[in-house]
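Next comes query.tsv, a file with TSV, C-alpha atoms.
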```
chain	number	residue	atom	x	y	z
A	1	MET	CA	-20.46	-12.73	15.42
A	2	ILE	CA	-20.28	-9.02	14.57
A	3	ASP	CA	-20.37	-6.26	17.17
A	4	ILE	CA	-24.01	-5.13	17.27
A	5	LYS	CA	-25.73	-2.70	19.62
A	6	LYS	CA	-29.50	-2.74	20.13
A	7	ILE	CA	-30.91	0.70	20.94
A	8	SER	CA	-34.36	2.12	21.61
A	9	LEU	CA	-35.31	5.37	19.89
A	10	GLU	CA	-37.73	7.87	21.34
A	11	PRO	CA	-40.91	7.99	19.19
A	12	GLY	CA	-41.46	11.11	17.12
A	13	LYS	CA	-37.82	12.15	16.95
A	14	ARG	CA	-36.15	12.57	13.61
A	15	VAL	CA	-33.56	10.01	12.50
A	16	ILE	CA	-30.87	11.11	10.04
A	17	VAL	CA	-28.66	8.50	8.35
A	18	ILE	CA	-25.55	9.47	6.36
A	19	SER	CA	-22.93	7.15	4.90
A	20	ASP	CA	-19.71	7.25	2.93
A	21	ILE	CA	-18.44	10.71	3.82
A	22	HIS	CA	-15.05	9.65	2.45
A	23	ALA	CA	-12.94	12.39	4.00
A	24	ASN	CA	-15.03	15.22	2.55
A	25	LEU	CA	-15.53	17.38	5.63
A	26	GLN	CA	-16.83	20.41	3.75
A	27	LEU	CA	-19.60	18.43	2.08
A	28	PHE	CA	-20.51	16.67	5.34
A	29	LYS	CA	-20.93	20.00	7.15
A	30	LYS	CA	-22.93	21.33	4.20
A	31	LEU	CA	-25.28	18.34	4.44
A	32	LEU	CA	-25.77	18.80	8.19
A	33	ASP	CA	-26.74	22.40	7.48
A	34	ARG	CA	-29.06	21.31	4.67
A	35	VAL	CA	-31.01	18.97	6.97
A	36	ASN	CA	-30.86	21.53	9.81
A	37	TYR	CA	-29.31	18.95	12.14
A	38	GLN	CA	-30.14	19.52	15.81
A	39	LEU	CA	-28.70	17.85	18.91
A	40	ASP	CA	-32.15	16.39	19.59
A	41	ASP	CA	-32.03	14.41	16.32
A	42	TYR	CA	-30.75	10.87	16.10
A	43	LEU	CA	-27.73	10.91	13.79
A	44	PHE	CA	-26.31	7.66	12.38
A	45	ILE	CA	-23.11	7.77	10.31
A	46	ASN	CA	-23.00	4.48	8.46
A	47	GLY	CA	-19.31	3.91	7.84
A	48	ASP	CA	-16.53	5.10	5.56
A	49	LEU	CA	-15.60	8.31	7.26
A	50	CYS	CA	-12.16	7.93	5.72
A	51	GLU	CA	-10.27	7.48	2.44
A	52	LYS	CA	-10.64	8.90	-1.08
A	53	GLY	CA	-10.90	12.55	0.04
A	54	ASP	CA	-8.48	15.06	1.56
A	55	ASN	CA	-9.68	15.25	5.16
A	56	SER	CA	-9.86	11.82	6.78
A	57	LEU	CA	-8.32	12.94	10.06
A	58	GLU	CA	-10.44	16.10	10.19
A	59	VAL	CA	-13.62	14.10	9.54
A	60	VAL	CA	-12.71	11.67	12.33
A	61	GLU	CA	-12.02	14.57	14.70
A	62	PHE	CA	-15.28	16.31	13.77
A	63	VAL	CA	-17.36	13.13	14.11
A	64	ARG	CA	-15.80	12.41	17.49
A	65	SER	CA	-16.80	15.92	18.58
A	66	LEU	CA	-20.36	15.30	17.38
A	67	GLN	CA	-20.42	12.07	19.36
A	68	LYS	CA	-19.24	13.87	22.50
A	69	SER	CA	-21.84	16.62	22.10
A	70	SER	CA	-24.84	14.27	21.92
A	71	SER	CA	-25.72	10.79	23.12
A	72	ASN	CA	-27.91	10.50	20.01
A	73	VAL	CA	-24.95	10.18	17.62
A	74	PHE	CA	-24.03	6.65	16.51
A	75	ILE	CA	-21.09	5.71	14.29
A	76	VAL	CA	-20.88	2.48	12.29
A	77	LYS	CA	-17.62	0.92	11.14
A	78	GLY	CA	-16.95	0.85	7.39
A	79	ASN	CA	-14.31	-0.94	5.37
A	80	CYS	CA	-12.49	2.32	4.63
A	81	ASP	CA	-12.23	3.00	8.37
A	82	VAL	CA	-9.99	-0.02	8.95
A	83	VAL	CA	-7.35	0.30	6.20
A	84	HIS	CA	-4.76	0.41	8.99
A	85	ARG	CA	-5.32	-3.33	9.42
A	86	TYR	CA	-3.40	-3.98	6.22
A	87	VAL	CA	-0.38	-2.29	7.78
A	88	PHE	CA	-0.57	-4.26	11.01
A	89	GLN	CA	-1.08	-7.47	9.02
A	90	GLU	CA	2.08	-6.51	7.11
A	91	SER	CA	0.36	-6.73	3.74
A	92	GLU	CA	2.82	-5.58	1.08
A	93	GLY	CA	-0.05	-4.34	-1.07
A	94	ILE	CA	-0.64	-1.43	1.29
A	95	ILE	CA	2.49	0.37	0.06
A	96	PRO	CA	1.40	0.77	-3.60
A	97	TYR	CA	-2.10	1.60	-2.31
A	98	MET	CA	-0.71	4.48	-0.25
A	99	LYS	CA	1.42	5.70	-3.14
A	100	SER	CA	-1.58	5.93	-5.46
A	101	ARG	CA	-4.47	6.98	-3.19
A	102	LYS	CA	-5.61	9.66	-0.81
A	103	SER	CA	-5.60	7.92	2.55
A	104	ILE	CA	-5.77	8.53	6.26
A	105	LEU	CA	-2.49	6.60	6.39
A	106	ASN	CA	-0.79	9.28	4.31
A	107	GLU	CA	-2.36	12.04	6.39
A	108	MET	CA	-0.95	10.41	9.52
A	109	LEU	CA	2.50	10.46	7.95
A	110	ALA	CA	2.18	14.07	6.79
A	111	GLN	CA	1.39	15.23	10.32
A	112	ASN	CA	5.03	14.52	11.17
A	113	ASN	CA	6.40	15.50	7.73
A	114	LYS	CA	6.89	11.86	6.78
A	115	ARG	CA	6.34	10.06	3.47
A	116	VAL	CA	5.78	6.37	2.83
A	117	GLU	CA	9.03	6.17	0.84
A	118	GLU	CA	10.97	6.85	4.05
A	119	PHE	CA	9.94	3.51	5.56
A	120	ASN	CA	11.92	0.44	4.58
A	121	SER	CA	9.23	-2.10	5.53
A	122	VAL	CA	5.54	-2.40	6.37
A	123	LYS	CA	6.57	-3.46	9.88
A	124	HIS	CA	8.51	-0.23	10.27
A	125	LEU	CA	5.40	1.64	9.12
A	126	SER	CA	3.19	-0.15	11.66
A	127	THR	CA	5.57	0.84	14.47
A	128	TYR	CA	5.13	4.49	13.45
A	129	TYR	CA	1.32	4.33	13.52
A	130	LYS	CA	1.25	2.60	16.88
A	131	ALA	CA	3.59	5.22	18.34
A	132	HIS	CA	1.74	8.29	17.03
A	133	PHE	CA	-1.88	7.40	16.26
A	134	GLN	CA	-2.91	4.53	18.52
A	135	ASP	CA	-5.73	6.60	20.02
A	136	ILE	CA	-7.41	7.19	16.65
A	137	ILE	CA	-6.87	3.60	15.57
A	138	ASP	CA	-8.38	2.32	18.82
A	139	TRP	CA	-11.40	4.60	18.35
A	140	LEU	CA	-11.97	3.36	14.79
A	141	GLU	CA	-11.64	-0.27	15.84
A	142	ALA	CA	-14.10	0.26	18.73
A	143	LEU	CA	-16.87	1.41	16.39
A	144	LYS	CA	-19.92	-0.86	16.28
A	145	VAL	CA	-20.42	-2.93	13.14
A	146	ALA	CA	-24.21	-2.54	13.31
A	147	TYR	CA	-27.01	-0.84	15.20
A	148	GLU	CA	-30.44	-2.38	15.54
A	149	THR	CA	-33.63	-0.57	16.50
A	150	ASP	CA	-37.19	-1.85	16.68
A	151	ASP	CA	-37.76	-0.60	13.13
A	152	PHE	CA	-34.49	-1.01	11.20
A	153	ILE	CA	-30.87	-2.18	11.10
A	154	ILE	CA	-27.97	0.05	10.11
A	155	ILE	CA	-24.85	-1.67	8.80
A	156	HIS	CA	-22.27	-0.51	6.30
A	157	ALA	CA	-22.45	-3.06	3.47
A	158	GLY	CA	-24.91	-5.86	4.22
A	159	ILE	CA	-25.85	-8.94	6.23
A	160	ASP	CA	-25.75	-12.66	5.53
A	161	PRO	CA	-29.04	-14.33	4.48
A	162	LYS	CA	-29.25	-16.30	7.73
A	163	THR	CA	-32.25	-16.85	9.99
A	164	ASP	CA	-30.17	-15.24	12.73
A	165	TRP	CA	-28.68	-12.26	10.89
A	166	LYS	CA	-26.54	-11.47	13.93
A	167	GLN	CA	-24.32	-14.38	12.89
A	168	THR	CA	-23.22	-12.27	9.89
A	169	ASP	CA	-19.51	-12.43	9.13
A	170	GLU	CA	-17.61	-9.15	9.49
A	171	LYS	CA	-16.40	-9.44	5.90
A	172	THR	CA	-20.02	-9.43	4.76
A	173	ALA	CA	-20.84	-6.49	7.02
A	174	LEU	CA	-18.01	-4.32	5.73
A	175	TYR	CA	-17.35	-5.44	2.16
A	176	THR	CA	-20.50	-6.91	0.55
A	177	SER	CA	-21.08	-5.50	-2.92
A	178	SER	CA	-24.47	-4.89	-4.54
A	179	PHE	CA	-26.52	-5.77	-1.43
A	180	LEU	CA	-29.74	-4.48	-2.98
A	181	ASP	CA	-29.51	-7.36	-5.48
A	182	LYS	CA	-29.45	-9.85	-2.60
A	183	SER	CA	-31.90	-10.86	0.13
A	184	HIS	CA	-31.97	-11.31	3.90
A	185	GLN	CA	-34.14	-12.72	6.70
A	186	ALA	CA	-33.87	-9.95	9.29
A	187	GLY	CA	-37.58	-9.07	9.05
A	188	LYS	CA	-37.02	-5.30	9.03
A	189	PRO	CA	-35.35	-2.75	6.71
A	190	VAL	CA	-31.57	-2.95	6.48
A	191	ILE	CA	-29.97	0.43	5.71
A	192	VAL	CA	-26.63	0.22	3.92
A	193	GLY	CA	-24.06	2.39	2.19
A	194	HIS	CA	-20.83	1.10	0.61
A	195	TRP	CA	-22.15	0.29	-2.89
A	196	PRO	CA	-23.05	3.44	-4.89
A	197	VAL	CA	-26.75	3.38	-5.72
A	198	ILE	CA	-26.07	4.50	-9.28
A	199	ASN	CA	-24.43	1.10	-9.90
A	200	TYR	CA	-27.94	-0.40	-9.78
A	201	GLY	CA	-29.26	1.91	-12.49
A	202	ALA	CA	-28.06	0.56	-15.83
A	203	THR	CA	-31.50	1.12	-17.35
A	204	ALA	CA	-33.10	3.63	-14.95
A	205	VAL	CA	-32.92	7.43	-15.08
A	206	SER	CA	-29.38	8.27	-13.99
A	207	SER	CA	-29.36	9.35	-10.33
A	208	HIS	CA	-27.42	9.01	-7.07
A	209	ASN	CA	-30.54	9.34	-4.92
A	210	PRO	CA	-31.23	6.73	-2.18
A	211	LEU	CA	-33.13	3.61	-3.16
A	212	VAL	CA	-35.85	2.51	-0.74
A	213	ASP	CA	-37.12	-1.02	-1.44
A	214	LEU	CA	-39.50	-2.02	1.34
A	215	GLU	CA	-40.48	-5.25	-0.41
A	216	LYS	CA	-36.89	-6.43	-0.09
A	217	ASN	CA	-36.48	-4.53	3.20
A	218	ILE	CA	-33.29	-2.90	1.89
A	219	ILE	CA	-32.47	0.81	1.73
A	220	ALA	CA	-29.27	1.82	-0.12
A	221	ILE	CA	-27.96	5.35	0.43
A	222	ASP	CA	-24.38	5.61	-0.91
A	223	GLY	CA	-24.49	8.58	-3.29
A	224	GLY	CA	-21.08	7.99	-4.87
A	225	ASN	CA	-19.47	10.93	-3.08
A	226	GLN	CA	-15.77	11.16	-4.02
A	227	LEU	CA	-16.17	8.22	-6.42
A	228	LYS	CA	-18.31	9.62	-9.23
A	229	GLN	CA	-17.85	12.96	-11.00
A	230	ASP	CA	-21.50	13.83	-10.38
A	231	GLY	CA	-21.79	11.97	-7.05
A	232	GLN	CA	-23.42	13.32	-3.92
A	233	LEU	CA	-23.65	12.89	-0.16
A	234	ASN	CA	-27.11	11.67	0.85
A	235	ALA	CA	-29.06	12.01	4.07
A	236	LEU	CA	-31.88	9.53	4.65
A	237	ILE	CA	-34.47	11.02	7.00
A	238	ILE	CA	-36.84	8.79	8.98
A	239	GLN	CA	-39.68	10.28	10.99
A	240	ASP	CA	-42.98	8.80	12.10
A	241	GLY	CA	-42.46	5.74	9.90
A	242	THR	CA	-41.88	7.70	6.69
A	243	TYR	CA	-38.70	7.94	4.62
A	244	SER	CA	-37.42	11.00	2.80
A	245	TYR	CA	-34.00	12.24	1.74
A	246	THR	CA	-31.94	15.21	0.69
A	247	PHE	CA	-28.45	15.56	-0.75
A	248	VAL	CA	-25.55	17.89	-1.41
A	249	ASP	CA	-22.79	17.65	-3.99
A	250	SER	CA	-19.69	19.50	-5.14
A	251	LEU	CA	-21.05	20.82	-8.44
A	252	ASN	CA	-20.93	24.62	-8.50
A	253	HIS	CA	-21.40	25.67	-12.16
A	254	TYR	CA	-25.09	26.06	-12.99
A	255	ILE	CA	-27.15	27.46	-15.86
A	256	ILE	CA	-30.74	28.62	-16.20
A	257	ILE	CA	-32.64	26.95	-19.02
A	258	GLU	CA	-33.87	29.48	-21.58
A	259	HIS	CA	-36.32	27.30	-23.52
A	260	ASP	CA	-38.47	24.25	-22.80
A	261	HIS	CA	-36.99	21.09	-24.27
A	262	LYS	CA	-38.55	17.64	-24.22
A	263	ALA	CA	-36.25	14.68	-24.73
A	264	GLY	CA	-37.81	13.09	-27.78
A	265	LEU	CA	-36.49	9.60	-27.18
A	266	ASN	CA	-37.02	7.48	-24.09
A	267	ARG	CA	-33.34	6.89	-23.36
A	268	THR	CA	-32.39	6.22	-19.76
A	269	GLY	CA	-29.53	4.54	-17.94
A	270	THR	CA	-25.95	4.85	-16.78
A	271	VAL	CA	-22.65	3.18	-17.56
A	272	THR	CA	-20.90	2.37	-14.28
A	273	TYR	CA	-17.78	0.56	-13.15
A	274	PRO	CA	-16.85	-2.16	-14.02
A	275	ASN	CA	-19.31	-2.59	-16.91
A	276	TYR	CA	-17.38	-0.62	-19.51
A	277	GLU	CA	-17.00	-3.07	-22.42
A	278	LEU	CA	-19.19	-2.20	-25.42
A	279	LYS	CA	-20.24	-3.60	-28.78
A	280	ILE	CA	-21.05	-0.96	-31.39
A	281	MET	CA	-24.53	-1.34	-32.89
A	282	LYS	CA	-25.29	1.98	-34.59
A	283	ARG	CA	-23.15	5.09	-34.81
A	284	GLY	CA	-24.76	8.54	-34.71
A	285	ALA	CA	-23.57	12.12	-35.02
A	286	PHE	CA	-23.45	12.66	-31.25
A	287	PHE	CA	-24.30	9.30	-29.62
A	288	THR	CA	-23.63	5.67	-30.51
A	289	ARG	CA	-26.07	2.85	-29.75
A	290	CYS	CA	-24.08	0.15	-28.00
A	291	LYS	CA	-24.64	-3.18	-26.34
A	292	ASN	CA	-23.15	-3.30	-22.88
A	293	VAL	CA	-21.26	-6.60	-23.13
A	294	ILE	CA	-21.38	-7.48	-19.43
A	295	LEU	CA	-24.97	-6.41	-18.73
A	296	GLY	CA	-26.48	-7.27	-22.11
A	297	THR	CA	-28.40	-3.99	-22.22
A	298	GLU	CA	-28.51	-1.41	-24.99
A	299	GLN	CA	-27.24	2.07	-24.15
A	300	TRP	CA	-26.69	5.27	-26.12
A	301	ILE	CA	-23.14	6.44	-25.29
A	302	LYS	CA	-21.89	9.96	-26.00
A	303	ASN	CA	-19.27	9.57	-28.72
A	304	GLU	CA	-16.56	11.35	-26.75
A	305	TYR	CA	-16.77	8.67	-24.03
A	306	ILE	CA	-16.09	5.75	-26.39
A	307	ILE	CA	-12.47	4.57	-26.68
A	308	GLU	CA	-10.56	1.64	-28.14
A	309	LYS	CA	-8.14	-0.20	-25.87
A	310	ASN	CA	-6.42	-3.57	-26.32
A	311	ASP	CA	-8.69	-4.46	-29.26
A	312	SER	CA	-11.80	-3.73	-27.17
A	313	ILE	CA	-14.37	-0.95	-27.37
A	314	LEU	CA	-14.87	0.66	-23.97
A	315	CYS	CA	-16.70	3.48	-22.27
A	316	LYS	CA	-13.80	5.40	-20.75
A	317	THR	CA	-15.51	6.07	-17.40
A	318	ASP	CA	-18.89	6.19	-15.67
A	319	VAL	CA	-21.38	8.31	-17.59
A	320	SER	CA	-25.11	8.90	-17.86
A	321	THR	CA	-26.93	7.54	-20.89
A	322	THR	CA	-30.11	9.38	-19.90
A	323	PHE	CA	-31.67	12.17	-21.98
A	324	LEU	CA	-33.37	14.84	-19.84
A	325	SER	CA	-36.35	17.06	-20.51
A	326	VAL	CA	-35.99	20.60	-19.11
A	327	LYS	CA	-38.24	23.63	-18.73
A	328	ARG	CA	-37.65	27.33	-19.21
A	329	GLY	CA	-36.36	28.90	-15.99
A	330	GLU	CA	-35.15	25.58	-14.59
A	331	LYS	CA	-31.79	25.59	-12.83
A	332	VAL	CA	-29.39	22.77	-13.71
A	333	TRP	CA	-25.80	22.09	-12.71
A	334	VAL	CA	-23.24	21.36	-15.41
A	335	VAL	CA	-21.38	18.06	-15.13
A	336	ASP	CA	-19.65	18.07	-18.54
A	337	ASP	CA	-19.65	20.93	-21.05
A	338	THR	CA	-16.81	19.65	-23.24
A	339	CYS	CA	-18.80	17.50	-25.67
A	340	GLU	CA	-20.15	18.41	-29.09
A	341	GLY	CA	-23.83	19.28	-29.39
A	342	TYR	CA	-24.93	18.38	-25.86
A	343	LEU	CA	-24.35	19.26	-22.20
A	344	LEU	CA	-24.36	16.73	-19.37
A	345	VAL	CA	-26.31	18.28	-16.49
A	346	LYS	CA	-27.83	17.44	-13.12
A	347	ASN	CA	-31.21	18.84	-12.12
A	348	GLU	CA	-32.54	19.79	-8.68
A	349	ASN	CA	-34.10	16.33	-8.28
A	350	GLY	CA	-30.69	14.71	-8.69
A	351	GLU	CA	-31.39	13.35	-12.20
A	352	ILE	CA	-28.35	13.39	-14.50
A	353	GLY	CA	-28.59	13.46	-18.25
A	354	TRP	CA	-27.89	15.06	-21.61
A	355	ILE	CA	-29.60	18.14	-23.04
A	356	GLU	CA	-29.03	19.81	-26.37
A	357	ARG	CA	-26.82	22.88	-26.29
```
Could you spell out this file's structure in structure tokens?
Amino acid sequence: MIDIKKISLEPGKRVIVISDIHANLQLFKKLLDRVNYQLDDYLFINGDLCEKGDNSLEVVEFVRSLQKSSSNVFIVKGNCDVVHRYVFQESEGIIPYMKSRKSILNEMLAQNNKRVEEFNSVKHLSTYYKAHFQDIIDWLEALKVAYETDDFIIIHAGIDPKTDWKQTDEKTALYTSSFLDKSHQAGKPVIVGHWPVINYGATAVSSHNPLVDLEKNIIAIDGGNQLKQDGQLNALIIQDGTYSYTFVDSLNHYIIIEHDHKAGLNRTGTVTYPNYELKIMKRGAFFTRCKNVILGTEQWIKNEYIIEKNDSILCKTDVSTTFLSVKRGEKVWVVDDTCEGYLLVKNENGEIGWIER
């Protein structure tokens, strides 16, 4: 059974839910400012404070300070918050992981001017962490796996489809992929992060905005922060039974549209990991109509994103296949300005797509 805490929330107070900060302290603080966070608010941080960004230790320290400043702050354990387990389990795979990734484990070494190459075994590495960072590790391990209120459940990745959802396995709670494509029997909305919402949007308008599906009783809020080039950090806001959201991202180059432009073709969608394999159907001057081999959907891929590798045709990374309409005076942020004929931009609503230069 996972570690769950049932709490009662005072009616009328605002609830703010944020997930997958991924060691991006600057963006997290920016989001708290954007929502005008107050100590009287309920603040839930739904896992993955750590990994992928530069400031895992600083995020942990800041979140601990938030928790000390208000009894209304609740932190959920995410899979990226327990990477230290691989060290203590003496998993040899943790060494190449540390050599290739930004990780709290590397930050812990750097605090004492150490590097992973200086340790001759994983066991030696575990001794170091226990000697210098046991307090932080204990705090991370003590985090609850889920919080339940009268109106919703907050858990990092998902729950098992059992009559008694509290019998969910911890692996499900921390690591389940694509939970919005699944179902559950909890009888109330389950709010998750972990799986970027854009991964659900192969045929929808490209966006990292939260997905609220009250028929399935699932709300997905991971905005792909630190994972996607146009990703964002989302805040789900719950008040008086209504759901809204806002977001911040790291894009800083914007332009003002000079002329109205309506996208003439109804092309929407996104290519996302791991669905990169393509079959060419029709080549164009700027875009190529492709069949996504794994998904079976048709998508128009910008030519510069199509590559050949090991006798396969691939999209080289995640990219929008949406064409946007824009209006004169509209402000849009530039995601990619290196391609011929078109710019990839993100509008104020969080929609990402191509516009003619």
Please provide the set of residues having any atom within 9 Å of Glu107 of chain A, restricted to all atoms listed in the file, with same-chain residues fewer than 6 positions apart removed, written as a PyMOL selection string.
chain A and resi 54-57
I need the chosen residues saved as an mmCIF file, in the frame of the given file, with C-alpha atoms.
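Generated output (selection_5.cif):
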```cif
data_model
loop_
_atom_site.group_PDB
_atom_site.id
_atom_site.type_symbol
_atom_site.label_atom_id
_atom_site.label_comp_id
_atom_site.auth_asym_id
_atom_site.auth_seq_id
_atom_site.Cartn_x
_atom_site.Cartn_y
_atom_site.Cartn_z
ATOM 1 C CA ASP A 54 -8.480 15.060 1.560
ATOM 2 C CA ASN A 55 -9.680 15.250 5.160
ATOM 3 C CA SER A 56 -9.860 11.820 6.780
ATOM 4 C CA LEU A 57 -8.320 12.940 10.060
#
```
Would you mind listing, for every residue of segment 53-73 of chain A within 12 Å of segment 11-33 of chain A, the two atoms forming the shortest contact and the distance between them in Å to one decimal, using only C-alpha atoms, sorted by chain and ascending residue number, as a Markdown table?
```
| residue | atom | partner | partner_atom | distance |
| --- | --- | --- | --- | --- |
| A:Gly53 | CA | A:Ala23 | CA | 4.5 |
| A:Asp54 | CA | A:Ala23 | CA | 5.7 |
| A:Asn55 | CA | A:Ala23 | CA | 4.5 |
| A:Ser56 | CA | A:Ala23 | CA | 4.2 |
| A:Leu57 | CA | A:Ala23 | CA | 7.6 |
| A:Glu58 | CA | A:Leu25 | CA | 7.0 |
| A:Val59 | CA | A:Leu25 | CA | 5.4 |
| A:Val60 | CA | A:Ala23 | CA | 8.4 |
| A:Glu61 | CA | A:Leu25 | CA | 10.1 |
| A:Phe62 | CA | A:Leu25 | CA | 8.2 |
| A:Val63 | CA | A:Leu25 | CA | 9.7 |
| A:Leu66 | CA | A:Leu32 | CA | 11.2 |
| A:Asn72 | CA | A:Val15 | CA | 9.4 |
| A:Val73 | CA | A:Ile16 | CA | 9.7 |
```
All residues 10 Å or closer to segment 89-92 of chain A, only C-alpha atoms, same chain fewer than 2 positions away omitted, as number ranges by chain:
A: 84-87, 94-97, 121-126
Each residue of segment 98-207 of chain A with at least one atom at most 8 Å from segment 332-355 of chain A should appear once, together with its nearest atom pair and the corresponding distance in Å (one decimal); atoms considered: only C-alpha atoms; ordering: chain, then increasing residue number; output as a Markdown table.
```
| residue | atom | partner | partner_atom | distance |
| --- | --- | --- | --- | --- |
| A:Val205 | CA | A:Glu351 | CA | 6.8 |
| A:Ser206 | CA | A:Ile352 | CA | 5.2 |
| A:Ser207 | CA | A:Glu351 | CA | 4.9 |
```
Residues within 9 Å of segment 293-301 of chain A, please, as a tab-separated table (two decimals) with C-alpha atoms, in the frame of the given file. Count all atoms listed in the file; anything in the same chain fewer than 3 positions from it doesn't count.
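around-v1.tsv, freshly written:
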```tsv
chain	number	residue	atom	x	y	z
A	202	ALA	CA	-28.06	0.56	-15.83
A	203	THR	CA	-31.50	1.12	-17.35
A	267	ARG	CA	-33.34	6.89	-23.36
A	268	THR	CA	-32.39	6.22	-19.76
A	269	GLY	CA	-29.53	4.54	-17.94
A	270	THR	CA	-25.95	4.85	-16.78
A	271	VAL	CA	-22.65	3.18	-17.56
A	274	PRO	CA	-16.85	-2.16	-14.02
A	275	ASN	CA	-19.31	-2.59	-16.91
A	276	TYR	CA	-17.38	-0.62	-19.51
A	277	GLU	CA	-17.00	-3.07	-22.42
A	278	LEU	CA	-19.19	-2.20	-25.42
A	279	LYS	CA	-20.24	-3.60	-28.78
A	281	MET	CA	-24.53	-1.34	-32.89
A	286	PHE	CA	-23.45	12.66	-31.25
A	287	PHE	CA	-24.30	9.30	-29.62
A	288	THR	CA	-23.63	5.67	-30.51
A	289	ARG	CA	-26.07	2.85	-29.75
A	290	CYS	CA	-24.08	0.15	-28.00
A	304	GLU	CA	-16.56	11.35	-26.75
A	305	TYR	CA	-16.77	8.67	-24.03
A	306	ILE	CA	-16.09	5.75	-26.39
A	315	CYS	CA	-16.70	3.48	-22.27
A	319	VAL	CA	-21.38	8.31	-17.59
A	320	SER	CA	-25.11	8.90	-17.86
A	321	THR	CA	-26.93	7.54	-20.89
A	322	THR	CA	-30.11	9.38	-19.90
```
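When all atoms listed in the file are used to compute distances to Ile238 of chain A, the closest of the residues A:Ile255, A:Leu174, A:Ile191, A:Leu314 turns out to be A:Ile191.
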For Asp169 of chain A, the nearest of the candidates A:Asp151, A:Val145, A:Lys291, A:Lys216, counting all atoms listed in the file
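Among A:Asp151, A:Val145, A:Lys291, A:Lys216, it is A:Val145 that comes nearest to Asp169 of chain A.
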So that I can see what lies close to Gly329 of chain A, please list as a ChimeraX atom specification the residues with an atom at most 8 Å from it, counting all atoms listed in the file and leaving out residues fewer than 2 positions away in the same chain.
/A:256-259,327,331
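Each of A:Thr272, A:Gln67, A:Thr172, A:Thr149 was checked against Pro189 of chain A using only C-alpha atoms; the smallest atom-to-atom distance is that of A:Thr149.
One finds atom CA of Ala157 of chain A at 5.8 Å from atom CA of Tyr175 of chain A.
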For atom CA of Ser8 of chain A and atom CA of Tyr42 of chain A, the interatomic separation in Å (one decimal):
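It comes out at 11.0 Å.
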Quote the spacing between atom CA of Lys130 of chain A and atom CA of Glu170 of chain A in Å to one decimal place.
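Atom CA of Lys130 of chain A sits 23.4 Å away from atom CA of Glu170 of chain A.
Ranking A:Ala263, A:Val197, A:Ala142, A:Asp181 by their shortest atom-to-atom distance to Leu233 of chain A, with all atoms listed in the file included, puts A:Val197 first.
Using all atoms listed in the file, the shortest contact distance between Leu43 of chain A and any of A:Met108, A:Ile75, A:Cys80, A:Ile153 is found at A:Ile75.
Comparing A:Lys102, A:Lys68, A:Lys309, A:His184 by their smallest distance to Val83 of chain A, the closest is A:Lys102 (using only C-alpha atoms).
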The residues within 10 Å of (4.1, 10.3, 10.7), using all atoms listed in the file and the coordinates of the file, should be reported as a VMD selection string; which are they?
chain A and resid 105 to 116 125 128 to 129 131 to 133
Output as a compact mmCIF listing (two decimals), in the coordinates of the input: segment 311-322 of chain A, completed with N, CA and C atoms.
```txt
# COMPACT_ATOMS: atom_id res chain seq x y z
N ASP A 311 -7.75 -3.82 -28.32
CA ASP A 311 -8.69 -4.46 -29.26
C ASP A 311 -10.12 -4.54 -28.74
N SER A 312 -10.44 -3.76 -27.71
CA SER A 312 -11.80 -3.73 -27.17
C SER A 312 -12.37 -2.32 -27.30
N ILE A 313 -13.68 -2.23 -27.39
CA ILE A 313 -14.37 -0.95 -27.37
C ILE A 313 -14.88 -0.74 -25.95
N LEU A 314 -14.54 0.41 -25.37
CA LEU A 314 -14.87 0.66 -23.97
C LEU A 314 -15.50 2.04 -23.79
N CYS A 315 -16.33 2.17 -22.78
CA CYS A 315 -16.70 3.48 -22.27
C CYS A 315 -15.59 3.88 -21.30
N LYS A 316 -15.03 5.07 -21.47
CA LYS A 316 -13.80 5.40 -20.75
C LYS A 316 -14.00 5.63 -19.25
N THR A 317 -15.23 5.88 -18.82
CA THR A 317 -15.51 6.07 -17.40
C THR A 317 -17.01 5.98 -17.18
N ASP A 318 -17.46 6.14 -15.95
CA ASP A 318 -18.89 6.19 -15.67
C ASP A 318 -19.51 7.38 -16.39
N VAL A 319 -20.69 7.19 -16.94
CA VAL A 319 -21.38 8.31 -17.59
C VAL A 319 -22.86 8.01 -17.74
N SER A 320 -23.67 9.04 -17.64
CA SER A 320 -25.11 8.90 -17.86
C SER A 320 -25.41 8.61 -19.32
N THR A 321 -26.40 7.76 -19.55
CA THR A 321 -26.93 7.54 -20.89
C THR A 321 -28.39 7.98 -20.94
N THR A 322 -28.76 8.85 -20.00
CA THR A 322 -30.11 9.38 -19.90
C THR A 322 -30.23 10.70 -20.66
```
